[in-house]
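Q: First, the structure itself, so that you have it in front of you.
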Amino acid sequence: MRAHVVYPRAAGERAIGGDLQVEFRIGREGRIECVALRRSSGSELLDRYVLSAVRLAQPFAALPAHVPPPSLSVSGTFRFRIGEGTASR
């Protein structure tokens with residue numbers, strides 16, 4: 001997913017930074033079933049950007065048969081820092 005997350009130009013130009021948490025669920029076939037913002041960065045621009053990047057990262061690999069639930073929950077923190085160039089997760 002890192003290939004889909006770079007520092008948003010508009011945020012960089014305005015020196016907007018912040019941390020946010022997202023959670024998403026990957027279905028058996030590797031498609032995202034839902035994605036949710038769990039903690040806002042304080043910037044609607046960054047929040048929307050990351051939610052979009054998560055959606056663009058699909059499809060993921062199909063879940064292995066030995067994974068018991070019908071989907072896999074994933075959560076992560078994205079940090080945007082001015083001067084670091086790219087987002088970290």
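Ordering of the structure tokens sets the chain letters (A, B, ...), residue numbers begin anew at 1 in every chain, and ligands are numbered from 1 in the order given.
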Neighbours of region 25-31 of chain A within 7 Å (only C-alpha atoms; same-chain residues fewer than 4 positions away dropped), as a list in words?

A: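 In the requested form, the answer reads Val35, Gln58, Pro59, Phe60, Ala61, Ala62, Leu63, Pro70, Ser71, Leu72, Ser73 and Val74 of chain A.
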
Q: Would you mind writing down, as an MDAnalysis selection string, each residue of chain A that DSSP on the backbone assigns to helix (DSSP H, G or I)?

A: chainID A and resid 2:4 9:13 44:56

Q: Which residues are close to Asp47 (chain A), i.e. within 10 Å by only C-alpha atoms, leaving aside same-chain residues fewer than 4 positions away? Reply as an NGL selection string.

A: :A and (18-22 or 37 or 39-43 or 51-52 or 78)

Q: Keeping only C-alpha atoms, write the selected residues to a file as a CSV table (one decimal), in the first residue's frame.

A:
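The resulting file, out35.csv, is reproduced below:
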chain,number,residue,atom,x,y,z
A,18,GLY,CA,-0.8,15.1,11.4
A,19,ASP,CA,-1.4,11.5,12.5
A,20,LEU,CA,-4.5,9.5,11.7
A,21,GLN,CA,-5.7,5.9,12.3
A,22,VAL,CA,-7.7,3.9,9.8
A,37,LEU,CA,-11.3,6.6,10.0
A,39,ARG,CA,-8.8,8.9,14.7
A,40,SER,CA,-8.6,12.0,12.6
A,41,SER,CA,-5.4,13.9,11.8
A,42,GLY,CA,-7.3,17.1,12.3
A,43,SER,CA,-7.1,17.8,8.6
A,51,LEU,CA,-9.0,6.8,3.0
A,52,SER,CA,-8.8,7.1,-0.8
A,78,PHE,CA,-0.3,7.2,9.0

Q: Looking only at the backbone, which of the residues in chain A does DSSP tag as strand (DSSP E), as a list in words?

A: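 Those in chain A that DSSP calls strand (DSSP E) are Gly18, Asp19, Leu20, Gln21, Val22, Glu23, Phe24, Arg25, Ile26, Gly27, Ile32, Glu33, Cys34, Val35, Ala36, Leu37, Arg38, Arg39, Ser71, Leu72, Ser73, Val74, Ser75, Gly76, Thr77, Phe78, Arg79 and Phe80 of chain A.
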
Q: Generate the output file for the selected residues, C-alpha atoms, as an mmCIF file, in the first residue's frame.

A:
data_model
loop_
_atom_site.group_PDB
_atom_site.id
_atom_site.type_symbol
_atom_site.label_atom_id
_atom_site.label_comp_id
_atom_site.auth_asym_id
_atom_site.auth_seq_id
_atom_site.Cartn_x
_atom_site.Cartn_y
_atom_site.Cartn_z
ATOM 1 C CA GLY A 18 -0.783 15.097 11.419
ATOM 2 C CA ASP A 19 -1.358 11.498 12.461
ATOM 3 C CA LEU A 20 -4.454 9.468 11.709
ATOM 4 C CA GLN A 21 -5.656 5.933 12.282
ATOM 5 C CA VAL A 22 -7.677 3.894 9.839
ATOM 6 C CA GLU A 23 -9.192 0.449 9.999
ATOM 7 C CA PHE A 24 -10.374 -1.608 7.071
ATOM 8 C CA ARG A 25 -11.624 -5.092 6.412
ATOM 9 C CA ILE A 26 -10.370 -7.254 3.544
ATOM 10 C CA GLY A 27 -12.848 -9.808 2.264
ATOM 11 C CA ILE A 32 -12.057 -4.029 0.813
ATOM 12 C CA GLU A 33 -15.409 -4.542 2.501
ATOM 13 C CA CYS A 34 -15.262 -1.351 4.579
ATOM 14 C CA VAL A 35 -12.818 1.346 5.584
ATOM 15 C CA ALA A 36 -13.195 3.689 8.542
ATOM 16 C CA LEU A 37 -11.321 6.603 10.031
ATOM 17 C CA ARG A 38 -10.691 5.739 13.695
ATOM 18 C CA ARG A 39 -8.761 8.891 14.655
ATOM 19 C CA SER A 71 -12.641 -11.231 6.428
ATOM 20 C CA LEU A 72 -9.429 -9.844 7.871
ATOM 21 C CA SER A 73 -9.378 -6.605 9.888
ATOM 22 C CA VAL A 74 -6.369 -4.351 9.418
ATOM 23 C CA SER A 75 -5.570 -1.122 11.214
ATOM 24 C CA GLY A 76 -2.765 1.341 10.821
ATOM 25 C CA THR A 77 -1.464 4.754 11.729
ATOM 26 C CA PHE A 78 -0.342 7.177 9.048
ATOM 27 C CA ARG A 79 1.986 10.022 9.994
ATOM 28 C CA PHE A 80 2.430 13.061 7.807
#

Q: As a list in words, please: the residues near Arg14 (chain A) (cut-off 12 Å, only C-alpha atoms, same-chain neighbours under 3 positions excluded).

A: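 Final neighbour list, sorted by chain and number: Tyr7, Pro8, Arg9, Ala10, Ala11, Gly17, Ser43, Leu45, Leu46 and Ile82 of chain A.
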